[in-house]
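Colleague: Have a look at the structure that comes next, please.
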Amino acid sequence: NYTDQEIGRAVFMKTGAIIADADGTLIENGELYFPRELVEVIKKARKSHLFSIASGRDLRFLQKLRGQIIEDETLNPYEAVIYEDVGLSIVNGESYVLGGIDQQTLERISLFFNQNPQLFAGLTPLPDGNFTLKTAWVTYEFADKRSTNRRVLEERFPKIKEALLSVAPEAEVKMRADAIAVMGNGLDKAIAFRKYVGLLKERLGIPHRNILVVGDAPNDKAMMINAVQNGGLAAYVGKDYNLERILSEFGNVIVTKQKGQRGTEEAIRKLILKE
């Protein structure tokens, strides 16, 4: 628990926030390895900006990821993790769940997976995926910390989607860059993102124009567009040309020359540190 004075000291001089996706942005191939240059640039940016993460991953994994990036530095009470797309966990202890699938439905989906191995051939539950609001399957290649087998995802997705919607019609089945995910219908990262930046503005006076969102995949699009439509900044570090074209239509979006982790480093240097 933080006192008001401690919170005041911790947020002093925090003029903005960086909100970054995880897979393809902060990490690659699901591996918790970070180039030293990326770690150092984030540490430097944290002197003036909050550093938060927004991902479809579970909370425990993202907290571990964040800890490895910031190392022994103290967390700010208003830094946060947006987890499973719709959960928001703030360091000060506040927590919000803004949607998701109930436990009974998750159990029904898990049973269906176990009973239909042919339908899910080539896929496995995301390793160490401690999901509470959604679920996801990845290819064995991705589970082994290698590149995703897109062919398997694309072949399996239509049949899995059709079958799962008969089991859980209230859910939405999506193909992500590295996974087939099942989540609450009509939900995306923008919902938790709006809640978080609203709190930053209300509590700390951080305006939308001082928010930077970094992402690489279609599931980041709504969050990135929401940021720039409200005067903030967004950096696209992915390789999807169609998404790049859509995002490039917005004036406050930059497309980095480098991609993935190096692109994230480039974006923070250019937009936050002005190097």
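Residue numbering restarts at 1 in every chain; chains get A, B, ... in the order shown in the structure tokens, and ligands count up from 1 in that same order.
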Env of Gln258 of chain A: 10 Å cut, atoms = only C-alpha atoms, seq-sep filter 5 positions within chain, self excluded. Answer as a list in words.

Modeller: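 Final neighbour list, sorted by chain and number: Tyr236, Val237, Gly238, Lys239, Gly263, Thr264, Glu265, Glu266 and Ala267 of chain A.
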
Colleague: For those residues, write C-alpha atoms to a file as a PDB file, in the first residue's frame.

Modeller:
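That gives us part.pdb:
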```pdb
ATOM      1  CA  TYR A 236       3.982   0.503 -35.852  1.00  0.00           C
ATOM      2  CA  VAL A 237       6.877  -1.975 -35.624  1.00  0.00           C
ATOM      3  CA  GLY A 238       5.315  -4.904 -37.504  1.00  0.00           C
ATOM      4  CA  LYS A 239       5.600  -6.423 -40.969  1.00  0.00           C
ATOM      5  CA  GLY A 263      11.673  -1.035 -33.993  1.00  0.00           C
ATOM      6  CA  THR A 264      10.420  -0.433 -30.458  1.00  0.00           C
ATOM      7  CA  GLU A 265      13.828   0.883 -29.492  1.00  0.00           C
ATOM      8  CA  GLU A 266      13.808   3.142 -32.567  1.00  0.00           C
ATOM      9  CA  ALA A 267      10.339   4.502 -31.755  1.00  0.00           C
TER      10      ALA A 267
END
```

Colleague: Mind checking DSSP for segment 12-235 of chain A and telling me the strand (DSSP E or B) residues as number ranges by chain?

Modeller: A: 16-20, 23, 27-28, 31, 49-54, 80-83, 87-90, 95-97, 123-125, 135-139, 171-175, 180-184, 211-215, 233-235

Colleague: Wanna dump the segment 50-153 of chain A-segment 166-177 of chain A contacts at 8 Å for me, each residue with its shortest atom pair and the distance in Å to one decimal, counting only C-alpha atoms, ordered by chain and number, as a Markdown table?

Modeller:
```
| residue | atom | partner | partner_atom | distance |
| --- | --- | --- | --- | --- |
| A:Ile101 | CA | A:Ala171 | CA | 7.1 |
| A:Thr105 | CA | A:Ala168 | CA | 6.7 |
| A:Arg108 | CA | A:Val167 | CA | 7.6 |
| A:Ile109 | CA | A:Val167 | CA | 7.2 |
| A:Phe112 | CA | A:Val167 | CA | 7.9 |
| A:Leu153 | CA | A:Met175 | CA | 7.4 |
```

Colleague: Let me see the file: selected residues, N, CA and C atoms, as a PDB file, in the first residue's frame.

Modeller:
```pdb
ATOM      1  N   ILE A 101     -14.464 -14.163 -20.947  1.00  0.00           N
ATOM      2  CA  ILE A 101     -15.275 -15.375 -20.945  1.00  0.00           C
ATOM      3  C   ILE A 101     -15.349 -15.912 -19.523  1.00  0.00           C
ATOM      4  N   THR A 105     -17.539 -21.415 -19.299  1.00  0.00           N
ATOM      5  CA  THR A 105     -17.344 -21.489 -20.750  1.00  0.00           C
ATOM      6  C   THR A 105     -15.916 -21.892 -21.081  1.00  0.00           C
ATOM      7  N   ARG A 108     -15.637 -25.543 -20.713  1.00  0.00           N
ATOM      8  CA  ARG A 108     -16.322 -26.218 -21.827  1.00  0.00           C
ATOM      9  C   ARG A 108     -15.436 -26.221 -23.077  1.00  0.00           C
ATOM     10  N   ILE A 109     -14.754 -25.109 -23.326  1.00  0.00           N
ATOM     11  CA  ILE A 109     -13.843 -25.018 -24.474  1.00  0.00           C
ATOM     12  C   ILE A 109     -12.650 -25.947 -24.287  1.00  0.00           C
ATOM     13  N   PHE A 112     -13.658 -29.456 -25.016  1.00  0.00           N
ATOM     14  CA  PHE A 112     -13.823 -29.632 -26.461  1.00  0.00           C
ATOM     15  C   PHE A 112     -12.466 -29.831 -27.132  1.00  0.00           C
ATOM     16  N   LEU A 153      -1.803 -22.370 -38.739  1.00  0.00           N
ATOM     17  CA  LEU A 153      -2.840 -21.468 -38.239  1.00  0.00           C
ATOM     18  C   LEU A 153      -3.912 -21.213 -39.297  1.00  0.00           C
TER      19      LEU A 153
END
```

Colleague: Select from segment 1-129 of chain A everything DSSP, run on the backbone, classes as helix (DSSP H, G or I), then give the selection as a PyMOL selection string.

Modeller: chain A and resi 4-11+36-45+59-70+103-115

Colleague: Pick out the closest residue to Asn29 of chain A from this set: A:Tyr241, A:Phe250, A:Tyr140, A:Phe193. Count only C-alpha atoms.

Modeller: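 Among the listed residues, the smallest separation from Asn29 of chain A belongs to A:Tyr140.
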
Colleague: In terms of the shortest atom-to-atom distance over only C-alpha atoms, which of A:Glu154, A:Glu28, A:Glu141, A:Glu94 is closest to Tyr78 of chain A?

Modeller: A:Glu94

Colleague: Given the choices A:Asp188, A:Asp102, A:Asp178, A:Asp240, which gets closest to Asp23 of chain A if the distance is worked out from only C-alpha atoms?

Modeller: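 Going through A:Asp188, A:Asp102, A:Asp178, A:Asp240 one by one, the smallest distance to Asp23 of chain A is for A:Asp178.
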
Colleague: Which one is closest to Ile191 of chain A: A:Leu62, A:Ile82, A:Leu243, A:Ile268? Count only C-alpha atoms.

Modeller: A:Ile82

Colleague: Fewer than 5 positions away in the same chain doesn't count, so skip those; otherwise give me all residues within 10 Å of segment 63-70 of chain A, counting only C-alpha atoms, as a list in words.

Modeller: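 Here the qualifying residues turn out to be Ala22, Leu26, Ile27, Glu31, Leu32, Tyr33, Phe34, Pro35, Arg36, Leu38, Val39, Glu40, Ile42, Lys43, Arg46, Phe51, Ser52, Ile53, Asp58, Leu75, Ala80, Val81, Tyr83 and Ser89 of chain A.
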
Colleague: For Pro125 of chain A, list every protein, DNA or RNA residue within 10 Å, evaluated using only C-alpha atoms, and leave out those in the same chain fewer than 2 positions away; present the list as a CSV table (one decimal) with N, CA, C and O atoms, in the first residue's frame.

Modeller:
```csv
chain,number,residue,atom,x,y,z
A,110,SER,N,-12.1,-26.0,-23.1
A,110,SER,CA,-11.0,-26.9,-22.8
A,110,SER,C,-11.4,-28.4,-23.0
A,110,SER,O,-10.6,-29.1,-23.6
A,113,PHE,N,-11.5,-29.1,-26.7
A,113,PHE,CA,-10.1,-29.2,-27.2
A,113,PHE,C,-9.6,-30.6,-27.0
A,113,PHE,O,-9.0,-31.3,-27.9
A,120,PHE,N,-7.5,-29.9,-33.9
A,120,PHE,CA,-6.5,-29.0,-33.4
A,120,PHE,C,-5.1,-29.6,-33.7
A,120,PHE,O,-4.1,-29.2,-33.0
A,123,LEU,N,-1.5,-27.9,-33.1
A,123,LEU,CA,-1.6,-26.8,-32.2
A,123,LEU,C,-1.6,-27.3,-30.7
A,123,LEU,O,-1.9,-28.4,-30.5
A,127,PRO,N,2.0,-22.4,-23.9
A,127,PRO,CA,2.7,-22.8,-22.7
A,127,PRO,C,2.7,-21.7,-21.6
A,127,PRO,O,2.8,-20.5,-21.8
A,128,ASP,N,2.4,-22.2,-20.3
A,128,ASP,CA,2.4,-21.3,-19.2
A,128,ASP,C,1.3,-20.2,-19.3
A,128,ASP,O,1.4,-19.1,-18.8
A,129,GLY,N,0.3,-20.5,-20.1
A,129,GLY,CA,-0.8,-19.5,-20.3
A,129,GLY,C,-1.8,-19.6,-19.2
A,129,GLY,O,-2.8,-20.4,-19.3
A,135,THR,N,-8.7,-17.9,-23.9
A,135,THR,CA,-7.8,-19.0,-24.1
A,135,THR,C,-7.2,-18.9,-25.4
A,135,THR,O,-7.7,-18.1,-26.3
A,136,ALA,N,-6.1,-19.6,-25.7
A,136,ALA,CA,-5.4,-19.5,-27.0
A,136,ALA,C,-4.6,-20.8,-27.2
A,136,ALA,O,-4.1,-21.4,-26.3
A,137,TRP,N,-4.4,-21.1,-28.5
A,137,TRP,CA,-3.6,-22.2,-28.9
A,137,TRP,C,-2.5,-21.6,-29.9
A,137,TRP,O,-2.8,-20.7,-30.7
A,138,VAL,N,-1.3,-22.2,-29.8
A,138,VAL,CA,-0.2,-21.8,-30.7
A,138,VAL,C,0.3,-23.0,-31.4
A,138,VAL,O,0.0,-24.2,-31.1
A,139,THR,N,1.1,-22.8,-32.4
A,139,THR,CA,1.7,-23.9,-33.1
A,139,THR,C,2.9,-24.5,-32.2
A,139,THR,O,3.4,-23.8,-31.4
A,140,TYR,N,3.2,-25.7,-32.5
A,140,TYR,CA,4.3,-26.4,-31.7
A,140,TYR,C,5.6,-25.6,-31.9
A,140,TYR,O,6.4,-25.5,-31.0
A,143,ALA,N,5.6,-22.7,-29.6
A,143,ALA,CA,5.8,-23.2,-28.2
A,143,ALA,C,7.2,-23.5,-27.9
A,143,ALA,O,7.7,-23.4,-26.8
A,179,ALA,N,-1.3,-17.0,-32.9
A,179,ALA,CA,-2.2,-17.9,-32.1
A,179,ALA,C,-3.6,-17.9,-32.7
A,179,ALA,O,-4.0,-16.9,-33.4
A,180,ILE,N,-4.4,-18.9,-32.3
A,180,ILE,CA,-5.8,-18.8,-32.5
A,180,ILE,C,-6.4,-18.6,-31.1
A,180,ILE,O,-6.2,-19.3,-30.2
A,181,ALA,N,-7.1,-17.5,-30.9
A,181,ALA,CA,-7.6,-17.1,-29.6
A,181,ALA,C,-9.1,-17.1,-29.5
A,181,ALA,O,-9.8,-16.8,-30.5
```

Colleague: Please provide as a list in words all residues within 9 Å of Leu133 of chain A, with the sequence filter that same-chain residues fewer than 2 positions apart are discarded (counting only C-alpha atoms).

Modeller: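 Near Leu133 of chain A, the qualifying residues are Asp58, Glu84, Asp85, Val86, Gly87, Val97, Gly99, Gly100, Ile101, Asp102, Gln103, Leu106, Phe131, Thr135, Met183 and Gly184 of chain A.
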
Colleague: Let me see the file: selected residues, N, CA and C atoms, as a CSV table (one decimal), in the first residue's frame.

Modeller:
```
chain,number,residue,atom,x,y,z
A,58,ASP,N,-1.3,-13.6,-20.4
A,58,ASP,CA,-1.9,-13.6,-19.1
A,58,ASP,C,-1.0,-12.6,-18.1
A,84,GLU,N,-4.6,-10.2,-21.1
A,84,GLU,CA,-5.7,-10.9,-21.8
A,84,GLU,C,-6.7,-9.9,-22.5
A,85,ASP,N,-6.1,-8.8,-23.0
A,85,ASP,CA,-6.8,-7.8,-23.8
A,85,ASP,C,-7.7,-6.9,-23.0
A,86,VAL,N,-8.4,-7.4,-22.0
A,86,VAL,CA,-9.5,-6.7,-21.3
A,86,VAL,C,-9.3,-6.6,-19.8
A,87,GLY,N,-8.2,-7.1,-19.2
A,87,GLY,CA,-7.9,-6.9,-17.8
A,87,GLY,C,-6.9,-5.8,-17.6
A,97,VAL,N,-11.6,-5.6,-14.6
A,97,VAL,CA,-11.9,-6.6,-15.6
A,97,VAL,C,-13.0,-6.1,-16.4
A,99,GLY,N,-14.4,-7.3,-19.3
A,99,GLY,CA,-15.0,-8.2,-20.2
A,99,GLY,C,-14.3,-9.6,-20.1
A,100,GLY,N,-14.6,-10.5,-21.0
A,100,GLY,CA,-14.0,-11.8,-20.9
A,100,GLY,C,-15.0,-12.9,-20.9
A,101,ILE,N,-14.5,-14.2,-20.9
A,101,ILE,CA,-15.3,-15.4,-20.9
A,101,ILE,C,-15.3,-15.9,-19.5
A,102,ASP,N,-16.5,-16.4,-19.1
A,102,ASP,CA,-16.7,-16.9,-17.7
A,102,ASP,C,-16.0,-18.3,-17.6
A,103,GLN,N,-15.7,-18.6,-16.4
A,103,GLN,CA,-14.9,-19.9,-16.1
A,103,GLN,C,-15.6,-21.1,-16.7
A,106,LEU,N,-14.9,-21.4,-20.3
A,106,LEU,CA,-13.5,-21.7,-20.6
A,106,LEU,C,-13.3,-23.2,-20.3
A,131,PHE,N,-4.5,-18.3,-18.2
A,131,PHE,CA,-5.6,-17.4,-18.6
A,131,PHE,C,-6.8,-17.5,-17.7
A,135,THR,N,-8.7,-17.9,-23.9
A,135,THR,CA,-7.8,-19.0,-24.1
A,135,THR,C,-7.2,-18.9,-25.4
A,183,MET,N,-12.1,-15.3,-27.2
A,183,MET,CA,-12.3,-14.3,-26.2
A,183,MET,C,-13.7,-13.8,-26.2
A,184,GLY,N,-14.0,-12.9,-25.3
A,184,GLY,CA,-15.4,-12.3,-25.3
A,184,GLY,C,-15.7,-11.6,-26.6
```

Colleague: Find the residues around Lys201 of chain A up to 12 Å (only C-alpha atoms counted), leave out those fewer than 5 positions away in its own chain, and share them as number ranges by chain.

Modeller: A: 14-17, 78, 194-196, 206-211

Colleague: Please produce an output containing N, CA, C and O atoms for each residue in the selection, written as a CSV table (one decimal), in the first residue's frame.

Modeller:
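Contents of part12.csv, as written:
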```csv
chain,number,residue,atom,x,y,z
A,14,LYS,N,6.5,12.7,-14.1
A,14,LYS,CA,6.1,11.8,-15.1
A,14,LYS,C,5.2,12.6,-16.0
A,14,LYS,O,4.0,13.0,-15.7
A,15,THR,N,5.6,12.9,-17.2
A,15,THR,CA,4.9,13.7,-18.1
A,15,THR,C,4.1,13.0,-19.2
A,15,THR,O,3.3,13.5,-19.9
A,16,GLY,N,4.3,11.7,-19.3
A,16,GLY,CA,3.6,10.9,-20.3
A,16,GLY,C,3.7,9.4,-20.0
A,16,GLY,O,4.1,9.0,-18.9
A,17,ALA,N,3.2,8.6,-21.0
A,17,ALA,CA,3.2,7.1,-20.8
A,17,ALA,C,3.5,6.4,-22.1
A,17,ALA,O,3.1,6.9,-23.2
A,78,TYR,N,1.6,4.0,-10.9
A,78,TYR,CA,0.6,4.1,-11.9
A,78,TYR,C,1.1,3.4,-13.2
A,78,TYR,O,0.4,3.6,-14.3
A,194,ARG,N,-8.5,2.6,-23.0
A,194,ARG,CA,-9.3,3.8,-22.7
A,194,ARG,C,-9.4,4.0,-21.2
A,194,ARG,O,-9.4,5.1,-20.7
A,195,LYS,N,-9.7,2.9,-20.5
A,195,LYS,CA,-9.9,3.0,-19.1
A,195,LYS,C,-8.6,3.5,-18.4
A,195,LYS,O,-8.6,4.4,-17.6
A,196,TYR,N,-7.5,3.0,-18.9
A,196,TYR,CA,-6.2,3.3,-18.3
A,196,TYR,C,-5.8,4.7,-18.6
A,196,TYR,O,-5.4,5.5,-17.6
A,206,ILE,N,-2.0,13.6,-17.0
A,206,ILE,CA,-1.2,13.3,-18.3
A,206,ILE,C,-2.2,13.3,-19.4
A,206,ILE,O,-3.1,12.6,-19.5
A,207,PRO,N,-1.9,14.2,-20.4
A,207,PRO,CA,-2.9,14.4,-21.5
A,207,PRO,C,-2.7,13.3,-22.6
A,207,PRO,O,-1.6,12.7,-22.6
A,208,HIS,N,-3.7,13.1,-23.4
A,208,HIS,CA,-3.6,12.1,-24.5
A,208,HIS,C,-2.4,12.3,-25.4
A,208,HIS,O,-1.8,11.4,-25.9
A,209,ARG,N,-2.0,13.6,-25.6
A,209,ARG,CA,-1.0,13.9,-26.5
A,209,ARG,C,0.4,13.4,-26.0
A,209,ARG,O,1.3,13.3,-26.8
A,210,ASN,N,0.5,13.0,-24.8
A,210,ASN,CA,1.7,12.5,-24.2
A,210,ASN,C,1.7,11.0,-24.0
A,210,ASN,O,2.5,10.4,-23.3
A,211,ILE,N,0.8,10.3,-24.8
A,211,ILE,CA,0.7,8.9,-24.7
A,211,ILE,C,1.3,8.3,-26.0
A,211,ILE,O,1.0,8.8,-27.1
```

Colleague: Suppose you want the space between atom CA of Ala20 of chain A and atom CA of Asn149 of chain A; what is it in Å?

Modeller: 24.3 Å

Colleague: Record the distance separating atom CA of Ala227 of chain A and atom CA of Thr148 of chain A, expressed in Å with one decimal.

Modeller: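 We find that atom CA of Ala227 of chain A and atom CA of Thr148 of chain A lie 28.7 Å from each other.
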
Colleague: In terms of the shortest atom-to-atom distance over only C-alpha atoms, which of A:Leu199, A:Gln261, A:Glu275, A:Arg245 is closest to Gly215 of chain A?

Modeller: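 Nearest candidate to Gly215 of chain A out of A:Leu199, A:Gln261, A:Glu275, A:Arg245: A:Gln261.
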